[in-house]
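Engineer: Can you keep this structure in mind? I'll have questions shortly.
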Amino acid sequence: MTPQPAIATTPFDAAAVRADFPILTQEPAPGEPSLVFLDSAASSQKPAAVIEALDDYYRAANANIHRGVYRLSELSTGRYEQARHLVADFVGAASPRECVFVRNTTEAINLVAHAWGRKHIAAGDLIVLTVMDHHSNLVPWQLLAEEKGAELAHVTVTPDGRLDLDHLDALLRREPKLVAFPHVSNSLGTLNDAAEITRRAKAAGATVLIDGAQSVPHLPADVQALGCDFLAFSGHKMLGPMGSGVLWGKKAVLDALPPFMGGGSMIRTVELTRSTWADVPARFEAGTPAVADAIGLGAAIEYLSALGMDAVRAHERDLLAYALPRLAEIPGMTLLGPSDPVHQSGVVSFTLGDIHPHDVAAILDAEGVAVRAGHHCTQPLLRHLGLVATTRASFYVYNTEADVDRLVSALHAANRVFGLT
């Protein structure tokens, strides 16, 4: 059993949560500032419970899974499949068999593009994506469209960083085969109404894939309520290990798909010239899986579940409500996206005068504040906004108002360095 977080959740005690994260409690070197980590949208830090779960697996249960009949293999198999059950409960899956372990959201989307896309997309078919998509939900469909002769169309973005649902409706009248979109924009933090978008797309006869990389770690996720066919998300953004991720799919949909990769574990029988496939999810988990990473993801889910995802969402909303007006007062600050805690996840993307975002990030780093600068794997979105790069600060369960204060102070320092104040 994974140790429970040593926190009080009413009210949400982010300072106590922070104490569960070894990397955030290190003493800085003499003369160096303490760390304020504001890049969780790229990859979150890991609590001791997850680190200990990985360590314990390799110390006490390391063995290949499913085929071994000895005690250690059975122990390893049990922990791996228990993690699958934890994932299923976390997202409201009807069955653990609907949850396929992958390395990350990118692999999950590629799995769908290859297994579902090659079977269902034909020349002339329409695939609807969005201008705000991460490259991982653009490039796989570009490759498929080129291979099949299909057409791509993209829902545009309004000036305040939201999806234009009127444009979506116009595209849906063309009866697309697939609609794929992000639940939350990794670049702007926009919280899209995923259930409503899915409802409209399903009414038009489309299969629906939701990129949940930025939503599943930050707010309650229920695939039954969302109504989608596929949901993809990454473990490393939700306190779990890098190399862990999940594709959830409706079992009837997954059952009808051919494999993504061939090899061991995904087969039922193999002959020299033909093979038959295992049932899902094994059909999509070829080769030796990342057993420890899946178990670590299970530990992360136990940790987040103990916090309560409603509390996680409320905490980030409170941080945004504190941060947005303070950031808006900084000379030269341009906030991008909704700038509204109700319609925004814990991501704040901005430009600061004429200072290049990489320079902003470098100055913030000297102040001990870690943020991301660049195009955030959303080049088409930034091009749509007339930008090449932004600076992005992203909050999570271990961030506090004091972290926001440090961010604001560091941005004032950046302005001073460039003589803007």
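Quick note on naming: the chains in the structure tokens go A, B, ... in the order shown, residues restart at 1 in each chain, and ligands are numbered from 1 in order of appearance.
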List the spatial neighbours of region 301-315 of chain A as a PDB file with N, CA and C atoms, in the first residue's frame - criterion: any atom at most 6 Å away, only C-alpha atoms, same-chain residues fewer than 3 positions off excluded.
Structural biologist:
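Wrote it out as around-v3.pdb, contents follow:
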ATOM      1  N   HIS A 218      -5.086  17.419 -13.379  1.00  0.00           N
ATOM      2  CA  HIS A 218      -5.450  18.653 -12.696  1.00  0.00           C
ATOM      3  C   HIS A 218      -6.917  18.785 -12.308  1.00  0.00           C
ATOM      4  N   LEU A 219      -7.779  17.932 -12.834  1.00  0.00           N
ATOM      5  CA  LEU A 219      -9.196  18.052 -12.502  1.00  0.00           C
ATOM      6  C   LEU A 219      -9.857  16.690 -12.644  1.00  0.00           C
ATOM      7  N   PRO A 220     -11.011  16.515 -12.018  1.00  0.00           N
ATOM      8  CA  PRO A 220     -11.658  15.199 -12.096  1.00  0.00           C
ATOM      9  C   PRO A 220     -11.906  14.780 -13.539  1.00  0.00           C
ATOM     10  N   GLY A 298       0.572   4.103 -10.630  1.00  0.00           N
ATOM     11  CA  GLY A 298      -0.467   3.710  -9.680  1.00  0.00           C
ATOM     12  C   GLY A 298      -0.287   4.396  -8.336  1.00  0.00           C
ATOM     13  N   ASP A 318      -7.720  28.811  -7.146  1.00  0.00           N
ATOM     14  CA  ASP A 318      -7.389  29.845  -6.166  1.00  0.00           C
ATOM     15  C   ASP A 318      -6.036  30.488  -6.480  1.00  0.00           C
TER      16      ASP A 318
END
Engineer: For region 202-217 of chain A, find every residue with an atom within 6 Å (counting only C-alpha atoms), except residues of its own chain fewer than 4 positions away, and show them as a list of chain:residue names.
Structural biologist: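 Once the nearby chain positions are removed, what remains is A:Leu172, A:Glu175, A:Pro176, A:Lys177, A:Leu178, A:Val179, A:Ala180, A:Phe181, A:Pro182, A:His183, A:Val184, A:Thr198, A:Ala221, A:Cys228, A:Asp229, A:Phe230, A:Leu231, A:Ala232, A:Phe233, A:Ser234, A:Met238.
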Engineer: Would you put the residues from that selection into a file with C-alpha atoms, as a PDB file, in the first residue's frame?
Structural biologist:
ATOM      1  CA  LEU A 172     -19.141  19.028 -38.130  1.00  0.00           C
ATOM      2  CA  GLU A 175     -19.475  14.764 -41.201  1.00  0.00           C
ATOM      3  CA  PRO A 176     -15.838  14.144 -40.193  1.00  0.00           C
ATOM      4  CA  LYS A 177     -14.700  10.643 -39.343  1.00  0.00           C
ATOM      5  CA  LEU A 178     -12.646  11.838 -36.354  1.00  0.00           C
ATOM      6  CA  VAL A 179     -12.597  14.816 -34.003  1.00  0.00           C
ATOM      7  CA  ALA A 180      -9.495  15.066 -31.782  1.00  0.00           C
ATOM      8  CA  PHE A 181      -8.823  17.968 -29.435  1.00  0.00           C
ATOM      9  CA  PRO A 182      -7.119  18.957 -26.166  1.00  0.00           C
ATOM     10  CA  HIS A 183      -9.209  19.069 -22.991  1.00  0.00           C
ATOM     11  CA  VAL A 184      -6.801  21.747 -21.721  1.00  0.00           C
ATOM     12  CA  THR A 198     -17.757  15.488 -27.676  1.00  0.00           C
ATOM     13  CA  ALA A 221     -11.808  12.963 -15.171  1.00  0.00           C
ATOM     14  CA  CYS A 228     -15.460  10.181 -25.840  1.00  0.00           C
ATOM     15  CA  ASP A 229     -14.112   7.071 -27.554  1.00  0.00           C
ATOM     16  CA  PHE A 230     -10.469   7.591 -26.554  1.00  0.00           C
ATOM     17  CA  LEU A 231      -8.700   9.518 -23.784  1.00  0.00           C
ATOM     18  CA  ALA A 232      -4.912   9.816 -23.745  1.00  0.00           C
ATOM     19  CA  PHE A 233      -2.778  11.033 -20.840  1.00  0.00           C
ATOM     20  CA  SER A 234       0.765  10.934 -19.444  1.00  0.00           C
ATOM     21  CA  MET A 238       0.561  13.754 -12.790  1.00  0.00           C
TER      22      MET A 238
END
Engineer: Could you give me the residues within region 162-381 of chain A that DSSP places in helix (DSSP H, G or I), as a PyMOL selection string?
Structural biologist: chain A and resi 165-172+194-203+223-226+235-237+251-255+282-284+291-307+309-328+357-366+379-381
Engineer: How many Å lie between CA of Ile197 (chain A) and CA of Val223 (chain A), rounded to one decimal?
Structural biologist: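 Separation between CA of Ile197 (chain A) and CA of Val223 (chain A): 13.6 Å.
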Engineer: I'd like to know which of A:Leu420, A:Val131, A:Ile267, A:Ala256 is closest to Pro331 (chain A), using only C-alpha atoms.
Structural biologist: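 Smallest separation from Pro331 (chain A) among the options: A:Leu420.
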Engineer: For region 273-281 of chain A, find every residue with an atom within 12 Å (counting only C-alpha atoms), except residues of its own chain fewer than 6 positions away, and show them as a PyMOL selection string.
Structural biologist: chain A and resi 81+84+95-102+246-267
Engineer: Can I get the selected residues back with C-alpha atoms, as a PDB file, in the first residue's frame?
Structural biologist:
ATOM      1  CA  GLU A  81      -2.398  -5.166 -12.907  1.00  0.00           C
ATOM      2  CA  ARG A  84      -4.265  -0.787 -14.133  1.00  0.00           C
ATOM      3  CA  SER A  95     -13.305  -2.056 -17.018  1.00  0.00           C
ATOM      4  CA  PRO A  96      -9.537  -2.125 -16.381  1.00  0.00           C
ATOM      5  CA  ARG A  97      -9.265  -3.827 -19.796  1.00  0.00           C
ATOM      6  CA  GLU A  98     -10.092  -0.476 -21.373  1.00  0.00           C
ATOM      7  CA  CYS A  99      -6.810   0.975 -20.067  1.00  0.00           C
ATOM      8  CA  VAL A 100      -3.689   0.381 -22.159  1.00  0.00           C
ATOM      9  CA  PHE A 101      -0.301   1.257 -20.671  1.00  0.00           C
ATOM     10  CA  VAL A 102       1.882   3.342 -22.975  1.00  0.00           C
ATOM     11  CA  VAL A 246      -2.384   5.514 -20.596  1.00  0.00           C
ATOM     12  CA  LEU A 247      -4.688   5.186 -23.547  1.00  0.00           C
ATOM     13  CA  TRP A 248      -8.253   4.643 -22.409  1.00  0.00           C
ATOM     14  CA  GLY A 249     -10.645   3.431 -25.075  1.00  0.00           C
ATOM     15  CA  LYS A 250     -14.137   1.981 -25.114  1.00  0.00           C
ATOM     16  CA  LYS A 251     -13.688  -1.761 -24.974  1.00  0.00           C
ATOM     17  CA  ALA A 252     -15.896  -2.414 -28.013  1.00  0.00           C
ATOM     18  CA  VAL A 253     -13.781   0.044 -29.992  1.00  0.00           C
ATOM     19  CA  LEU A 254     -10.474  -1.439 -28.818  1.00  0.00           C
ATOM     20  CA  ASP A 255     -11.675  -5.005 -29.407  1.00  0.00           C
ATOM     21  CA  ALA A 256     -12.265  -4.208 -33.080  1.00  0.00           C
ATOM     22  CA  LEU A 257      -8.763  -2.819 -33.693  1.00  0.00           C
ATOM     23  CA  PRO A 258      -5.646  -4.537 -35.052  1.00  0.00           C
ATOM     24  CA  PRO A 259      -2.378  -4.288 -33.120  1.00  0.00           C
ATOM     25  CA  PHE A 260      -0.187  -1.198 -33.044  1.00  0.00           C
ATOM     26  CA  MET A 261       3.120  -3.109 -32.693  1.00  0.00           C
ATOM     27  CA  GLY A 262       4.001  -6.759 -33.107  1.00  0.00           C
ATOM     28  CA  GLY A 263       6.065  -8.983 -30.843  1.00  0.00           C
ATOM     29  CA  GLY A 264       5.811 -10.834 -27.574  1.00  0.00           C
ATOM     30  CA  SER A 265       2.834 -10.578 -25.210  1.00  0.00           C
ATOM     31  CA  MET A 266       0.395  -9.216 -27.809  1.00  0.00           C
ATOM     32  CA  ILE A 267      -0.209 -12.562 -29.515  1.00  0.00           C
TER      33      ILE A 267
END
Engineer: Any idea what's packed within 9 Å of Ala63 (chain A), counting only C-alpha atoms, ignoring anything in its chain fewer than 2 positions away? Could you give it as a ChimeraX atom specification?
Structural biologist: /A:58,61,65,68,72-77,291
Engineer: In terms of the shortest atom-to-atom distance over only C-alpha atoms, which of A:Val388, A:His134, A:Ala362, A:Leu352 is closest to His412 (chain A)?
Structural biologist: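 Closest to His412 (chain A) of all the choices is A:Leu352.
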Engineer: Neighbours of Thr130 (chain A) within 7 Å (only C-alpha atoms; same-chain residues fewer than 4 positions away dropped), as a ChimeraX atom specification?
Structural biologist: /A:154-156,181
Engineer: Under the rule that only C-alpha atoms are counted, which of A:Tyr398, A:Val112, A:Ala123, A:His375 is the nearest residue to Asp20 (chain A)?
Structural biologist: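 Ranking A:Tyr398, A:Val112, A:Ala123, A:His375 by distance to Asp20 (chain A), first place goes to A:Tyr398.
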Engineer: Can you tell me, as an MDAnalysis selection string, which residues in region 287-405 of chain A count as strand (DSSP E) by DSSP?
Structural biologist: chainID A and resid 333:336 347:352 369:370 372:374 390:394
Engineer: Filtering to N, CA and C atoms, could you give me those residues as a compact mmCIF listing (two decimals), in the first residue's frame?
Structural biologist:
# COMPACT_ATOMS: atom_id res chain seq x y z
N MET A 333 3.65 43.48 -19.25
CA MET A 333 3.05 42.15 -19.22
C MET A 333 1.86 42.03 -20.17
N THR A 334 1.89 40.98 -21.01
CA THR A 334 0.73 40.62 -21.83
C THR A 334 0.38 39.18 -21.52
N LEU A 335 -0.76 38.98 -20.88
CA LEU A 335 -1.23 37.64 -20.56
C LEU A 335 -2.00 37.07 -21.74
N LEU A 336 -1.76 35.82 -22.05
CA LEU A 336 -2.40 35.15 -23.18
C LEU A 336 -3.44 34.15 -22.68
N VAL A 347 -2.14 27.06 -15.89
CA VAL A 347 -1.11 27.48 -16.85
C VAL A 347 -1.29 28.96 -17.15
N VAL A 348 -0.21 29.72 -17.04
CA VAL A 348 -0.23 31.14 -17.39
C VAL A 348 0.88 31.37 -18.41
N SER A 349 0.49 31.78 -19.61
CA SER A 349 1.43 32.03 -20.69
C SER A 349 1.44 33.53 -20.96
N PHE A 350 2.64 34.10 -21.18
CA PHE A 350 2.72 35.55 -21.30
C PHE A 350 3.95 35.97 -22.08
N THR A 351 3.93 37.24 -22.49
CA THR A 351 5.13 37.91 -23.00
C THR A 351 5.39 39.11 -22.10
N LEU A 352 6.63 39.53 -22.03
CA LEU A 352 7.03 40.64 -21.17
C LEU A 352 7.76 41.67 -22.03
N VAL A 369 13.46 30.61 -9.94
CA VAL A 369 12.11 30.31 -10.43
C VAL A 369 12.22 29.57 -11.76
N ALA A 370 11.75 28.33 -11.82
CA ALA A 370 11.84 27.50 -13.02
C ALA A 370 10.54 27.59 -13.81
N ARG A 372 8.99 27.61 -18.21
CA ARG A 372 9.27 27.14 -19.56
C ARG A 372 9.20 28.31 -20.54
N ALA A 373 10.08 28.33 -21.52
CA ALA A 373 10.03 29.34 -22.57
C ALA A 373 10.18 28.66 -23.92
N GLY A 374 9.45 29.13 -24.91
CA GLY A 374 9.54 28.55 -26.24
C GLY A 374 8.17 28.48 -26.88
N THR A 390 6.60 32.11 -26.06
CA THR A 390 6.09 32.77 -24.86
C THR A 390 6.83 32.22 -23.66
N THR A 391 6.65 32.88 -22.53
CA THR A 391 7.08 32.32 -21.25
C THR A 391 5.85 31.70 -20.60
N ARG A 392 6.02 30.53 -20.01
CA ARG A 392 4.88 29.83 -19.42
C ARG A 392 5.19 29.42 -17.98
N ALA A 393 4.35 29.84 -17.07
CA ALA A 393 4.41 29.37 -15.68
C ALA A 393 3.23 28.44 -15.45
N SER A 394 3.48 27.29 -14.86
CA SER A 394 2.40 26.33 -14.63
C SER A 394 2.43 25.85 -13.19
Engineer: Name the closest residue to Lys237 (chain A) among the candidates A:Arg406, A:Arg103, A:Arg18, A:Lys119; distances are taken between atoms, counting only C-alpha atoms.
Structural biologist: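 Residue with the minimum atom-to-atom distance to Lys237 (chain A): A:Arg103.
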Engineer: I'd like the neighbourhood of region 21-25 of chain A as a VMD selection string, where a residue qualifies if any of its atoms comes within 7 Å (using only C-alpha atoms), though same-chain residues fewer than 6 positions away should be ignored.
Structural biologist: chain A and resid 35 46 to 48
Engineer: Take the residues just selected and output them with N, CA and C atoms as a PDB file, in the first residue's frame.
Structural biologist:
ATOM      1  N   LEU A  35      14.283  26.685  -4.637  1.00  0.00           N
ATOM      2  CA  LEU A  35      13.620  26.392  -5.905  1.00  0.00           C
ATOM      3  C   LEU A  35      12.130  26.679  -5.842  1.00  0.00           C
ATOM      4  N   LYS A  46       7.930  14.513  -8.271  1.00  0.00           N
ATOM      5  CA  LYS A  46       7.426  13.238  -7.770  1.00  0.00           C
ATOM      6  C   LYS A  46       7.444  13.210  -6.243  1.00  0.00           C
ATOM      7  N   PRO A  47       6.352  12.805  -5.626  1.00  0.00           N
ATOM      8  CA  PRO A  47       6.349  12.690  -4.169  1.00  0.00           C
ATOM      9  C   PRO A  47       7.146  11.476  -3.713  1.00  0.00           C
ATOM     10  N   ALA A  48       7.507  11.493  -2.450  1.00  0.00           N
ATOM     11  CA  ALA A  48       8.270  10.379  -1.892  1.00  0.00           C
ATOM     12  C   ALA A  48       7.537   9.052  -2.081  1.00  0.00           C
TER      13      ALA A  48
END
Engineer: Env of Ala361 (chain A): 7 Å cut, atoms = only C-alpha atoms, seq-sep filter 2 positions within chain, self excluded. Answer as a PyMOL selection string.
Structural biologist: chain A and resi 357-359+363-365+371-373+391
Engineer: Using only C-alpha atoms, which of the listed residues (A:Arg416, A:His376, A:His343, A:His356) sits closest to Arg162 (chain A)?
Structural biologist: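 Smallest distance to Arg162 (chain A) is found for A:His343.
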